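*Asks:* My structure is in start-v1.pdb, and what it holds is PDB, C-alpha atoms and all ligand atoms:
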ATOM      1  CA  MET A 209     103.994 104.268  87.220
ATOM      2  CA  THR A 210     107.211 106.153  87.010
ATOM      3  CA  TYR A 211     107.228 109.693  88.272
ATOM      4  CA  ASP A 212     110.251 111.849  88.660
ATOM      5  CA  VAL A 213     109.729 114.236  91.483
ATOM      6  CA  TRP A 214     112.509 116.537  90.570
ATOM      7  CA  ASP A 215     111.784 119.021  87.884
ATOM      8  CA  GLY A 216     115.146 120.446  86.855
ATOM      9  CA  ASP A 217     115.073 124.178  86.424
ATOM     10  CA  ASP A 218     111.843 125.700  87.503
ATOM     11  CA  GLU A 219     112.428 127.065  90.988
ATOM     12  CA  ALA A 220     109.060 128.779  90.975
ATOM     13  CA  GLU A 221     107.309 125.438  90.966
ATOM     14  CA  ALA A 222     109.694 124.021  93.503
ATOM     15  CA  GLY A 223     107.271 124.019  96.440
ATOM     16  CA  ARG A 224     107.417 120.267  96.871
ATOM     17  CA  LEU A 225     110.420 119.288  94.867
ATOM     18  CA  VAL A 226     113.135 116.906  95.747
ATOM     19  CA  PRO A 227     116.420 118.801  95.926
ATOM     20  CA  LEU A 228     118.839 117.964  93.164
ATOM     21  CA  TYR A 229     121.805 116.700  95.109
ATOM     22  CA  ILE A 230     119.920 114.136  97.076
ATOM     23  CA  LEU A 231     118.268 112.876  93.978
ATOM     24  CA  VAL A 232     120.645 110.066  93.153
ATOM     25  CA  ASN A 233     120.512 109.031  89.535
ATOM     26  CA  GLY A 234     117.151 110.637  89.009
ATOM     27  CA  ARG A 235     114.620 109.043  91.287
ATOM     28  CA  THR A 236     111.437 107.460  90.098
ATOM     29  CA  SER A 237     108.493 106.181  92.108
ATOM     30  CA  PRO A 238     109.370 104.221  95.252
ATOM     31  CA  ARG A 239     111.549 101.273  94.459
ATOM     32  CA  ASN A 240     110.298  99.569  97.569
ATOM     33  CA  THR A 241     106.816  98.542  96.527
ATOM     34  CA  ASN A 242     106.068  97.485 100.089
ATOM     35  CA  LEU A 243     106.048 101.110 101.100
ATOM     36  CA  ASP A 244     102.392 101.606 101.777
ATOM     37  CA  LEU A 245     100.718 104.431 103.611
ATOM     38  CA  ALA A 246     100.614 102.499 106.887
ATOM     39  CA  THR A 247     104.270 101.454 106.782
ATOM     40  CA  GLN A 248     106.166 102.898 109.733
ATOM     41  CA  VAL A 249     109.654 104.334 109.750
ATOM     42  CA  ILE A 250     111.998 105.652 112.420
ATOM     43  CA  ALA A 251     115.033 107.932 112.338
ATOM     44  CA  LEU A 252     118.408 106.264 112.678
ATOM     45  CA  PRO A 253     121.033 107.901 114.881
ATOM     46  CA  VAL A 254     122.711 109.626 111.963
ATOM     47  CA  ASP A 255     123.537 113.308 111.607
ATOM     48  CA  ALA A 256     120.788 114.755 109.424
ATOM     49  CA  THR A 257     121.780 118.406 109.687
ATOM     50  CA  ARG A 258     123.128 118.540 106.147
ATOM     51  CA  LEU A 259     119.913 117.315 104.596
ATOM     52  CA  GLU A 260     117.656 119.709 102.744
ATOM     53  CA  PRO A 261     115.046 121.181 105.126
ATOM     54  CA  GLU A 262     112.191 119.159 103.589
ATOM     55  CA  TYR A 263     114.057 115.955 104.310
ATOM     56  CA  ARG A 264     115.282 117.052 107.700
ATOM     57  CA  ASP A 265     111.676 117.752 108.691
ATOM     58  CA  ILE A 266     110.789 114.157 107.951
ATOM     59  CA  VAL A 267     113.725 112.755 109.894
ATOM     60  CA  ARG A 268     112.878 114.982 112.860
ATOM     61  CA  ARG A 269     109.265 113.842 112.823
ATOM     62  CA  CYS A 270     110.448 110.265 113.032
ATOM     63  CA  ASN A 271     112.225 110.256 116.354
ATOM     64  CA  ASP A 272     109.537 107.738 117.210
ATOM     65  CA  TRP A 273     107.888 105.267 114.840
ATOM     66  CA  MET A 274     105.621 107.023 112.399
ATOM     67  CA  SER A 275     103.617 105.898 109.401
ATOM     68  CA  ILE A 276     103.941 107.457 105.973
ATOM     69  CA  ALA A 277     100.335 108.644 106.268
ATOM     70  CA  GLU A 278     101.172 110.442 109.531
ATOM     71  CA  ILE A 279     104.269 112.064 108.062
ATOM     72  CA  GLY A 280     102.210 113.294 105.118
ATOM     73  CA  ALA A 281      99.507 114.624 107.432
ATOM     74  CA  TYR A 282     101.865 116.382 109.849
ATOM     75  CA  LEU A 283     104.009 117.935 107.135
ATOM     76  CA  GLY A 284     101.132 118.742 104.800
ATOM     77  CA  ARG A 285     102.554 116.828 101.863
ATOM     78  CA  PRO A 286     100.682 114.518  99.513
ATOM     79  CA  LEU A 287     101.224 110.808 100.084
ATOM     80  CA  THR A 288     102.785 110.293  96.696
ATOM     81  CA  ILE A 289     105.518 112.803  97.472
ATOM     82  CA  THR A 290     105.944 111.597 101.035
ATOM     83  CA  LYS A 291     106.525 108.052  99.828
ATOM     84  CA  VAL A 292     109.247 109.084  97.428
ATOM     85  CA  MET A 293     110.976 111.235 100.026
ATOM     86  CA  VAL A 294     110.818 108.494 102.652
ATOM     87  CA  ASP A 295     112.187 106.068 100.112
ATOM     88  CA  VAL A 296     115.150 108.372  99.470
ATOM     89  CA  LEU A 297     115.805 108.633 103.204
ATOM     90  CA  LEU A 298     115.612 104.862 103.620
ATOM     91  CA  GLU A 299     118.013 104.304 100.798
ATOM     92  CA  GLN A 300     120.452 106.821 102.237
ATOM     93  CA  GLY A 301     120.319 105.296 105.685
ATOM     94  CA  PHE A 302     118.567 108.083 107.575
ATOM     95  CA  LEU A 303     115.505 105.992 108.366
ATOM     96  CA  ALA A 304     114.736 102.379 109.211
ATOM     97  CA  VAL A 305     111.544 100.679 108.107
ATOM     98  CA  GLY A 306     109.146  98.363 109.938
ATOM     99  CA  SER A 307     107.177  95.466 108.484
ATOM    100  CA  PRO A 308     104.766  96.497 105.775
ATOM    101  CA  ALA A 309     101.033  96.048 106.298
ATOM    102  CA  GLN A 310     100.994  95.080 102.682
ATOM    103  CA  GLU A 311     101.588  91.383 103.145
ATOM    104  CA  GLN A 312      98.408  89.401 103.002
ATOM    105  CA  ILE A 313      97.266  89.074 106.566
ATOM    106  CA  VAL A 314      97.075  85.368 107.210
ATOM    107  CA  ASP A 315      98.888  85.617 110.456
ATOM    108  CA  ARG A 316      96.605  84.319 113.163
ATOM    109  CA  ARG A 317      98.962  85.296 115.934
ATOM    110  CA  LEU A 318      99.023  88.897 114.802
ATOM    111  CA  LEU A 319      95.224  88.981 114.656
ATOM    112  CA  GLU A 320      95.045  87.442 118.110
ATOM    113  CA  MET A 321      97.302  90.200 119.396
ATOM    114  CA  VAL A 322      95.132  92.832 117.753
ATOM    115  CA  LEU A 323      91.996  91.301 119.203
ATOM    116  CA  ALA A 324      93.467  91.182 122.703
ATOM    117  CA  GLY A 325      94.686  94.750 122.337
ATOM    118  CA  LEU A 326      91.252  95.981 121.302
ATOM    119  CA  GLN A 327      89.598  94.168 124.181
ATOM    120  CA  ARG A 328      91.968  95.887 126.595
ATOM    121  CA  LEU A 329      91.047  99.357 125.322
TER     122      LEU A 329
ATOM    123  CA  MET B 261     117.555  97.966 108.093
ATOM    124  CA  HIS B 262     114.301  96.205 108.773
ATOM    125  CA  VAL B 263     112.725  96.125 112.192
ATOM    126  CA  ASP B 264     109.867  94.154 113.635
ATOM    127  CA  ARG B 265     107.456  97.028 113.882
ATOM    128  CA  LYS B 266     104.110  96.052 112.471
ATOM    129  CA  SER B 267     101.310  98.095 111.011
ATOM    130  CA  VAL B 268      97.839  96.645 110.810
ATOM    131  CA  LYS B 269      95.250  98.349 108.640
ATOM    132  CA  VAL B 270      91.502  98.510 108.919
ATOM    133  CA  VAL B 271      89.368 100.319 106.367
ATOM    134  CA  VAL B 272      86.294 102.249 107.466
ATOM    135  CA  ALA B 273      84.061 102.490 104.449
ATOM    136  CA  GLY B 274      80.485 103.336 103.565
ATOM    137  CA  GLY B 275      78.657 105.935 101.568
ATOM    138  CA  PHE B 276      78.870 109.669 101.825
ATOM    139  CA  GLY B 277      78.114 110.967 105.326
ATOM    140  CA  THR B 278      77.549 107.577 106.948
ATOM    141  CA  GLY B 279      79.786 108.384 109.931
ATOM    142  CA  LYS B 280      83.207 107.115 108.808
ATOM    143  CA  THR B 281      85.209 110.019 110.183
ATOM    144  CA  THR B 282      83.139 109.983 113.354
ATOM    145  CA  LEU B 283      83.910 106.308 113.956
ATOM    146  CA  VAL B 284      87.627 106.763 113.308
ATOM    147  CA  GLY B 285      87.667 109.705 115.714
ATOM    148  CA  SER B 286      85.743 107.980 118.491
ATOM    149  CA  VAL B 287      88.128 105.060 118.773
ATOM    150  CA  SER B 288      91.468 106.564 117.696
ATOM    151  CA  GLU B 289      94.063 107.475 120.321
ATOM    152  CA  ILE B 290      94.880 110.650 118.404
ATOM    153  CA  ASP B 291      92.532 113.170 116.867
ATOM    154  CA  PRO B 292      91.891 111.963 113.339
ATOM    155  CA  LEU B 293      94.520 113.177 110.900
ATOM    156  CA  THR B 294      93.982 114.031 107.285
ATOM    157  CA  THR B 295      96.388 113.224 104.545
ATOM    158  CA  GLU B 296      96.063 113.887 100.862
ATOM    159  CA  GLU B 297      96.588 111.720  97.880
ATOM    160  CA  VAL B 298      96.995 113.266  94.474
ATOM    161  CA  LEU B 299      95.376 111.455  91.622
ATOM    162  CA  THR B 300      96.324 112.073  88.052
ATOM    163  CA  GLN B 301      95.496 110.572  84.708
ATOM    164  CA  ALA B 302      96.623 106.999  84.237
ATOM    165  CA  SER B 303      99.448 107.848  81.872
ATOM    166  CA  VAL B 304     101.557 110.361  83.686
ATOM    167  CA  GLY B 305     104.427 112.349  82.363
ATOM    168  CA  VAL B 306     107.604 113.349  84.075
ATOM    169  CA  ASP B 307     106.149 116.627  85.284
ATOM    170  CA  ASP B 308     103.085 115.109  86.734
ATOM    171  CA  VAL B 309     103.951 115.057  90.387
ATOM    172  CA  THR B 310     105.644 118.418  90.357
ATOM    173  CA  GLY B 311     102.625 119.851  88.594
ATOM    174  CA  ILE B 312     100.297 118.548  91.247
ATOM    175  CA  GLU B 313      98.533 121.847  91.645
ATOM    176  CA  ASP B 314      97.408 121.863  88.059
ATOM    177  CA  LYS B 315      93.883 121.151  87.009
ATOM    178  CA  THR B 316      94.432 117.713  85.540
ATOM    179  CA  SER B 317      94.958 116.272  88.989
ATOM    180  CA  THR B 318      92.529 115.751  91.831
ATOM    181  CA  THR B 319      93.346 115.842  95.496
ATOM    182  CA  VAL B 320      91.564 113.367  97.724
ATOM    183  CA  ALA B 321      91.576 113.764 101.484
ATOM    184  CA  LEU B 322      91.868 110.685 103.681
ATOM    185  CA  ASP B 323      91.032 110.655 107.375
ATOM    186  CA  PHE B 324      92.768 108.214 109.616
ATOM    187  CA  GLY B 325      93.458 107.390 113.218
ATOM    188  CA  ARG B 326      95.626 104.978 115.158
ATOM    189  CA  ILE B 327      95.456 102.583 118.075
ATOM    190  CA  THR B 328      98.625 101.274 119.691
ATOM    191  CA  ILE B 329      98.054  97.577 120.286
ATOM    192  CA  THR B 330     101.446  96.637 121.743
ATOM    193  CA  PRO B 331     104.833  98.353 121.657
ATOM    194  CA  GLU B 332     105.392  96.610 118.300
ATOM    195  CA  VAL B 333     101.960  96.687 116.705
ATOM    196  CA  VAL B 334      99.945  99.725 115.695
ATOM    197  CA  LEU B 335      96.491  99.543 114.158
ATOM    198  CA  TYR B 336      95.708 102.233 111.588
ATOM    199  CA  LEU B 337      92.111 103.014 110.743
ATOM    200  CA  PHE B 338      91.573 104.607 107.363
ATOM    201  CA  GLY B 339      88.303 106.159 106.310
ATOM    202  CA  THR B 340      87.557 105.938 102.604
ATOM    203  CA  PRO B 341      86.787 109.145 100.741
ATOM    204  CA  GLY B 342      83.050 109.853 100.703
ATOM    205  CA  GLN B 343      82.894 109.787  96.924
ATOM    206  CA  ASP B 344      82.805 106.329  95.409
ATOM    207  CA  ARG B 345      84.727 107.176  92.309
ATOM    208  CA  PHE B 346      88.250 107.125  93.713
ATOM    209  CA  TRP B 347      88.779 103.406  93.364
ATOM    210  CA  PHE B 348      92.509 103.839  93.112
ATOM    211  CA  ILE B 349      92.518 105.014  96.722
ATOM    212  CA  TRP B 350      90.259 102.193  97.809
ATOM    213  CA  ASP B 351      92.737  99.728  96.354
ATOM    214  CA  GLU B 352      95.594 101.358  98.173
ATOM    215  CA  LEU B 353      93.678 101.299 101.454
ATOM    216  CA  ALA B 354      92.427  97.738 101.028
ATOM    217  CA  GLN B 355      95.805  96.306 100.116
ATOM    218  CA  GLY B 356      96.980  94.180 103.019
ATOM    219  CA  ALA B 357      94.195  95.358 105.322
ATOM    220  CA  VAL B 358      92.709  93.023 107.940
ATOM    221  CA  GLY B 359      89.292  93.987 106.655
ATOM    222  CA  ALA B 360      86.700  96.710 106.581
ATOM    223  CA  ILE B 361      83.845  98.123 108.576
ATOM    224  CA  VAL B 362      81.154  99.237 106.157
ATOM    225  CA  LEU B 363      78.960 101.863 107.778
ATOM    226  CA  ILE B 364      75.334 102.014 106.823
ATOM    227  CA  ASP B 365      72.824 104.780 107.271
ATOM    228  CA  THR B 366      69.371 103.192 107.134
ATOM    229  CA  ARG B 367      67.879 106.366 105.706
ATOM    230  CA  ARG B 368      70.094 105.876 102.666
ATOM    231  CA  LEU B 369      70.878 102.197 102.385
ATOM    232  CA  ASP B 370      71.924 102.547  98.780
ATOM    233  CA  ALA B 371      74.752 104.917  99.744
ATOM    234  CA  SER B 372      76.741 101.983 101.106
ATOM    235  CA  PHE B 373      75.998  99.542  98.339
ATOM    236  CA  ALA B 374      79.170 100.330  96.394
ATOM    237  CA  ALA B 375      81.292  99.654  99.482
ATOM    238  CA  VAL B 376      79.618  96.302 100.180
ATOM    239  CA  ASP B 377      80.040  95.352  96.561
ATOM    240  CA  TYR B 378      83.698  96.372  96.550
ATOM    241  CA  PHE B 379      84.735  94.233  99.519
ATOM    242  CA  GLU B 380      82.609  91.317  98.426
ATOM    243  CA  ARG B 381      84.259  91.295  95.006
ATOM    244  CA  ARG B 382      87.703  91.514  96.550
ATOM    245  CA  GLY B 383      86.888  88.670  98.913
ATOM    246  CA  MET B 384      88.002  90.847 101.778
ATOM    247  CA  PRO B 385      86.547  90.300 105.268
ATOM    248  CA  PHE B 386      84.121  93.007 106.297
ATOM    249  CA  VAL B 387      81.337  93.648 108.761
ATOM    250  CA  ALA B 388      78.319  95.809 108.021
ATOM    251  CA  ALA B 389      77.645  98.283 110.821
ATOM    252  CA  VAL B 390      74.355 100.127 110.894
ATOM    253  CA  ASN B 391      75.042 103.552 112.329
ATOM    254  CA  ARG B 392      72.055 104.499 114.444
ATOM    255  CA  PHE B 393      71.998 108.173 113.798
ATOM    256  CA  PHE B 394      69.057 109.005 115.989
ATOM    257  CA  GLY B 395      68.498 105.702 117.722
ATOM    258  CA  GLU B 396      65.966 104.837 115.072
ATOM    259  CA  CYS B 397      66.085 101.913 112.742
ATOM    260  CA  LEU B 398      63.689 101.884 109.871
ATOM    261  CA  TYR B 399      64.304  98.320 108.832
ATOM    262  CA  SER B 400      64.729  94.867 110.243
ATOM    263  CA  GLU B 401      68.001  93.014 109.911
ATOM    264  CA  ASP B 402      66.530  90.850 107.151
ATOM    265  CA  GLU B 403      65.411  93.866 105.196
ATOM    266  CA  ILE B 404      68.850  95.448 105.441
ATOM    267  CA  ARG B 405      70.559  92.241 104.399
ATOM    268  CA  ALA B 406      68.244  91.899 101.455
ATOM    269  CA  ALA B 407      68.617  95.510 100.355
ATOM    270  CA  LEU B 408      72.403  95.342 100.477
ATOM    271  CA  LYS B 409      72.557  91.790  99.097
ATOM    272  CA  LEU B 410      74.707  90.859 102.071
ATOM    273  CA  ASP B 411      76.153  87.405 102.109
ATOM    274  CA  PRO B 412      74.680  85.547 105.130
ATOM    275  CA  ALA B 413      78.218  85.021 106.437
ATOM    276  CA  VAL B 414      78.832  88.752 106.753
ATOM    277  CA  PRO B 415      78.182  89.953 110.313
ATOM    278  CA  LEU B 416      75.640  92.747 110.603
ATOM    279  CA  LEU B 417      75.773  94.882 113.710
ATOM    280  CA  TRP B 418      74.304  98.034 115.123
ATOM    281  CA  CYS B 419      76.537 100.813 116.279
ATOM    282  CA  ASP B 420      76.775 104.436 117.245
ATOM    283  CA  ALA B 421      79.846 105.850 115.544
ATOM    284  CA  ARG B 422      80.134 108.601 118.172
ATOM    285  CA  ASP B 423      80.463 106.091 120.962
ATOM    286  CA  ARG B 424      83.920 104.718 121.633
ATOM    287  CA  ALA B 425      82.730 101.429 123.127
ATOM    288  CA  SER B 426      80.440 100.868 120.180
ATOM    289  CA  SER B 427      83.162 101.608 117.612
ATOM    290  CA  LYS B 428      85.555  99.386 119.508
ATOM    291  CA  GLN B 429      82.996  96.576 119.415
ATOM    292  CA  ALA B 430      82.659  96.938 115.643
ATOM    293  CA  LEU B 431      86.447  96.574 115.334
ATOM    294  CA  ILE B 432      86.434  93.518 117.573
ATOM    295  CA  GLU B 433      83.690  91.911 115.470
ATOM    296  CA  LEU B 434      85.706  92.604 112.348
ATOM    297  CA  VAL B 435      88.902  91.043 113.698
ATOM    298  CA  ARG B 436      86.952  87.992 114.934
ATOM    299  CA  HIS B 437      85.329  87.646 111.541
ATOM    300  CA  ALA B 438      88.705  87.949 109.789
ATOM    301  CA  MET B 439      90.144  85.270 112.094
ATOM    302  CA  ALA B 440      87.221  82.949 111.485
ATOM    303  CA  ARG B 441      87.945  83.126 107.785
ATOM    304  CA  LEU B 442      91.585  82.134 108.107
ATOM    305  CA  PRO B 443      92.442  78.665 106.899
ATOM    306  CA  VAL B 444      92.511  76.223 109.795
ATOM    307  CA  ALA B 445      96.045  75.606 110.999
ATOM    308  CA  THR B 446      97.296  72.113 110.319
TER     309      THR B 446
HETATM  310  N1  LIG C 501      73.109 111.594 115.558
HETATM  311  C1  LIG C 501      74.187 111.017 115.060
HETATM  312  N2  LIG C 501      74.960 111.718 114.218
HETATM  313  C2  LIG C 501      76.048 111.134 113.698
HETATM  314  C3  LIG C 501      76.410 109.798 113.990
HETATM  315  N3  LIG C 501      77.505 109.483 113.302
HETATM  316  C4  LIG C 501      77.847 110.570 112.611
HETATM  317  N4  LIG C 501      76.966 111.579 112.841
HETATM  318  C5  LIG C 501      76.979 112.892 112.209
HETATM  319  O1  LIG C 501      76.780 112.705 110.827
HETATM  320  C6  LIG C 501      77.564 113.582 110.066
HETATM  321  C7  LIG C 501      78.450 112.832 109.101
HETATM  322  O2  LIG C 501      79.392 112.094 109.841
HETATM  323  P1  LIG C 501      80.883 111.887 109.322
HETATM  324  O3  LIG C 501      81.593 111.073 110.354
HETATM  325  O4  LIG C 501      81.498 113.148 108.890
HETATM  326  O5  LIG C 501      80.583 110.996 108.051
HETATM  327  P2  LIG C 501      81.600 110.553 106.924
HETATM  328  O6  LIG C 501      81.141 109.198 106.524
HETATM  329  O7  LIG C 501      83.003 110.703 107.368
HETATM  330  O8  LIG C 501      81.265 111.615 105.806
HETATM  331  P3  LIG C 501      82.060 111.876 104.436
HETATM  332  O9  LIG C 501      83.519 111.737 104.732
HETATM  333  O10 LIG C 501      81.651 113.252 104.056
HETATM  334  O11 LIG C 501      81.542 110.849 103.497
HETATM  335  C8  LIG C 501      78.351 114.416 111.055
HETATM  336  O12 LIG C 501      77.691 115.640 111.236
HETATM  337  C9  LIG C 501      78.312 113.584 112.327
HETATM  338  O13 LIG C 501      78.397 114.377 113.479
HETATM  339  C10 LIG C 501      75.567 109.060 114.899
HETATM  340  O14 LIG C 501      75.788 107.914 115.220
HETATM  341  N5  LIG C 501      74.482 109.724 115.382
HETATM  342 MG    MG C 502      84.597 111.730 106.430
END
Do you think you could lay out the structure here as structure tokens?
*Replies:*
Amino acid sequence: MTYDVWDGDDEAEAGRLVPLYILVNGRTSPRNTNLDLATQVIALPVDATRLEPEYRDIVRRCNDWMSIAEIGAYLGRPLTITKVMVDVLLEQGFLAVGSPAQEQIVDRRLLEMVLAGLQRL
Amino acid sequence: MHVDRKSVKVVVAGGFGTGKTTLVGSVSEIDPLTTEEVLTQASVGVDDVTGIEDKTSTTVALDFGRITITPEVVLYLFGTPGQDRFWFIWDELAQGAVGAIVLIDTRRLDASFAAVDYFERRGMPFVAAVNRFFGECLYSEDEIRAALKLDPAVPLLWCDARDRASSKQALIELVRHAMARLPVAT
């Protein structure tokens, strides 16, 4: 699947568009295939004031770890768009990414931690 | 930059109205959130995402919640959409998940058949949780297992999706089941 989120000229349809200048070399769907809806990101201590408002909103939301699904929910943006925008921010060094949930879970230690955590609830 | 912050996923599945959102809400540390995924035709053009409001695309709402396990590990609980036809979303949710809780309403056993079938085919660990809507249960465990063609190895439990302790127990059973299926360490 290769989408391009930016649609050149039509400002009227620009509700959820990626601004032109941040769109390096015409972005397609997330390059990082590990970016799944549970993947968490966090803002890096970088000045984000010059970002387009849509991007700045994401960075601001991420002053603590936050999943892509949460960002989409809080900002009212579809997951597909959120993923692409987060990917742009990762690439440009505004966000850091945690381990993806995507890897096959064969990690007994992680499951043991989850089990202990649930039992403590 | 890559940091050791881990996300663990659990899918809460089952037929339409079986209590998925209720279960997510009862055990989540935040009120359940809703996010949307936009589905379009398989072959998409360049304008597809920007034209997401147009009629060729469908928006599917996903409910989810979270439980902080440790400062590094967060468990996300995703409810599947009530309609069975959005398999694309199911795949996205199931990918890398620990497993699934399949909720069952005994008044409509067939409503959860597609979910059972899905996880069985994928070989993904799941537990079947009978949601006791009004404390009643019309069938015995054997009858439910037979009706849903449940593999004998799949745990079957009773729960009340509104009750936090009960939802928590269903999660615990799922994680135990997933661990039991791991290859034995050598
Ligand atoms: N009495 C009783 N009602 C319940 C229970 N669980 C859920 N309900 C109710 O059943 C209805 C459906 O529950 P939901 O949690 O929305 O079910 P769902 O599976 O998310 O539904 P869809 O997303 O529409 O498929 C709601 O009105 C709940 O309040 C239960 O254990 N007992
Ligand atoms: Mg629901």
*Asks:* Can you work out which residues are within 7 Å of ligand LIG 501 (chain C), considering all atoms listed in the file, and then hand them over as an NGL selection string?
*Replies:* :B and (274-283 or 341-343 or 391-394 or 420-422)
*Asks:* Identify all residues satisfying the PyMOL selection byres (((chain A and resi 255) around 12) and not hetatm) in the given file; provide them as a list in words.
*Replies:*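 This file, filtered by the PyMOL selection byres (((chain A and resi 255) around 12) and not hetatm), leaves Ala251, Leu252, Pro253, Val254, Ala256, Thr257, Arg258, Leu259, Arg264, Val267, Arg268, Gln300, Gly301, Phe302 and Leu303 of chain A.
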*Asks:* If I wrap all listed atoms of segment 287-302 of chain A in a box with edges along x, y and z and add 3 Å on each side, what are its centre and edge lengths in Å to one decimal, as AutoDock Vina command-line options?
*Replies:*
--center_x 110.8 --center_y 108.6 --center_z 102.1 --size_x 25.2 --size_y 14.5 --size_z 16.9
*Asks:* Which one is closest to Glu289 of chain B: B:Ile329, B:Ala375, B:Arg367, B:Ala273? Count all atoms listed in the file.
*Replies:* B:Ile329
*Asks:* For the provided coordinates, the residues matched by the PyMOL selection byres (((chain B and resi 434) around 12) and not hetatm) should be stated as a VMD selection string.
*Replies:* (chain A and resid 319 322 to 323 326) or (chain B and resid 269 to 272 357 to 362 384 to 389 414 to 417 427 to 433 435 to 441)
*Asks:* Residues near Asp265 of chain A, anyone? I mean within 10 Å using only C-alpha atoms, not counting same-chain ones fewer than 5 positions away, as number ranges by chain.
*Replies:* A: 256, 259-260, 270, 279, 282-283
*Asks:* For Pro286 of chain A, list every protein, DNA or RNA residue within 7 Å, evaluated using all atoms listed in the file, and leave out those in the same chain fewer than 3 positions away; present the list as a PyMOL selection string.
*Replies:* (chain A and resi 280+289-290) or (chain B and resi 295-298)
*Asks:* Looking at all atoms listed in the file, which of A:Ile250, A:Leu318, A:Ala304, A:Leu297 is the one that sits closest to chain B?
*Replies:*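 Among A:Ile250, A:Leu318, A:Ala304, A:Leu297, it is A:Ala304 that comes nearest to chain B.
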*Asks:* Provide the atom CA of Asp315 of chain A to atom CA of Ala413 of chain B distance in Å, to one decimal place.
*Replies:*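 Value for the atom CA of Asp315 of chain A-atom CA of Ala413 of chain B distance: 21.1 Å.
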*Asks:* Go ahead and compute the interatomic distance for atom CA of Ala406 of chain B and atom CA of Gly356 of chain B, in Å to one decimal.
*Replies:*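 Interatomic distance here is 28.9 Å.
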*Asks:* The PyMOL selection byres (((chain A and resi 294) around 9) and not hetatm) - which residues does that actually catch in the file I just gave you? List them as a PDB file with C-alpha atoms, keeping the file's coordinate frame.
*Replies:*
ATOM      1  CA  PRO A 238     109.370 104.221  95.252  1.00  0.00           C
ATOM      2  CA  LEU A 243     106.048 101.110 101.100  1.00  0.00           C
ATOM      3  CA  VAL A 249     109.654 104.334 109.750  1.00  0.00           C
ATOM      4  CA  TYR A 263     114.057 115.955 104.310  1.00  0.00           C
ATOM      5  CA  ILE A 266     110.789 114.157 107.951  1.00  0.00           C
ATOM      6  CA  VAL A 267     113.725 112.755 109.894  1.00  0.00           C
ATOM      7  CA  ILE A 276     103.941 107.457 105.973  1.00  0.00           C
ATOM      8  CA  ILE A 289     105.518 112.803  97.472  1.00  0.00           C
ATOM      9  CA  THR A 290     105.944 111.597 101.035  1.00  0.00           C
ATOM     10  CA  LYS A 291     106.525 108.052  99.828  1.00  0.00           C
ATOM     11  CA  VAL A 292     109.247 109.084  97.428  1.00  0.00           C
ATOM     12  CA  MET A 293     110.976 111.235 100.026  1.00  0.00           C
ATOM     13  CA  ASP A 295     112.187 106.068 100.112  1.00  0.00           C
ATOM     14  CA  VAL A 296     115.150 108.372  99.470  1.00  0.00           C
ATOM     15  CA  LEU A 297     115.805 108.633 103.204  1.00  0.00           C
ATOM     16  CA  LEU A 298     115.612 104.862 103.620  1.00  0.00           C
ATOM     17  CA  GLU A 299     118.013 104.304 100.798  1.00  0.00           C
ATOM     18  CA  LEU A 303     115.505 105.992 108.366  1.00  0.00           C
TER      19      LEU A 303
END
*Asks:* Considering only C-alpha atoms, can you say which of B:Glu401, B:Asp411, B:Glu332, B:Asp365 comes closest to chain A?
*Replies:*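 Between B:Glu401, B:Asp411, B:Glu332, B:Asp365, the residue approaching chain A most closely is B:Glu332.
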*Asks:* Given all atoms listed in the file as the basis, pick out the residue of B:Arg405, B:Arg265, B:Arg368, B:Arg381 nearest to chain A.
*Replies:*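 Of B:Arg405, B:Arg265, B:Arg368, B:Arg381, the one nearest chain A, counting all atoms listed in the file, is B:Arg265.
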*Asks:* For chain A, which of B:Val444, B:Val268, B:Cys397, B:Leu408 is the closest residue, counting all atoms listed in the file?
*Replies:*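 For chain A, the nearest of the given residues is B:Val268.
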*Asks:* Considering all atoms listed in the file, return as a list in words whatever protein or nucleic-acid residues lie within 10 Å of Met321 of chain A, sequence-local ones (same chain, fewer than 6 positions apart) excluded.
*Replies:* Gln327 of chain A; Ile329, Thr330 and Val333 of chain B
*Asks:* Could you work out how far atom CA of Thr247 of chain A lies from atom CA of Gly325 of chain B, giving the answer in Å with one decimal?
*Replies:*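 Here the two named atoms are 13.9 Å from each other.
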*Asks:* I'd like to know which of B:Ile364, B:Leu369, B:Ile327, B:Ala321 is closest to Leu329 of chain A, using all atoms listed in the file.
*Replies:*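 That would be B:Ile327, the residue with the smallest distance to Leu329 of chain A.
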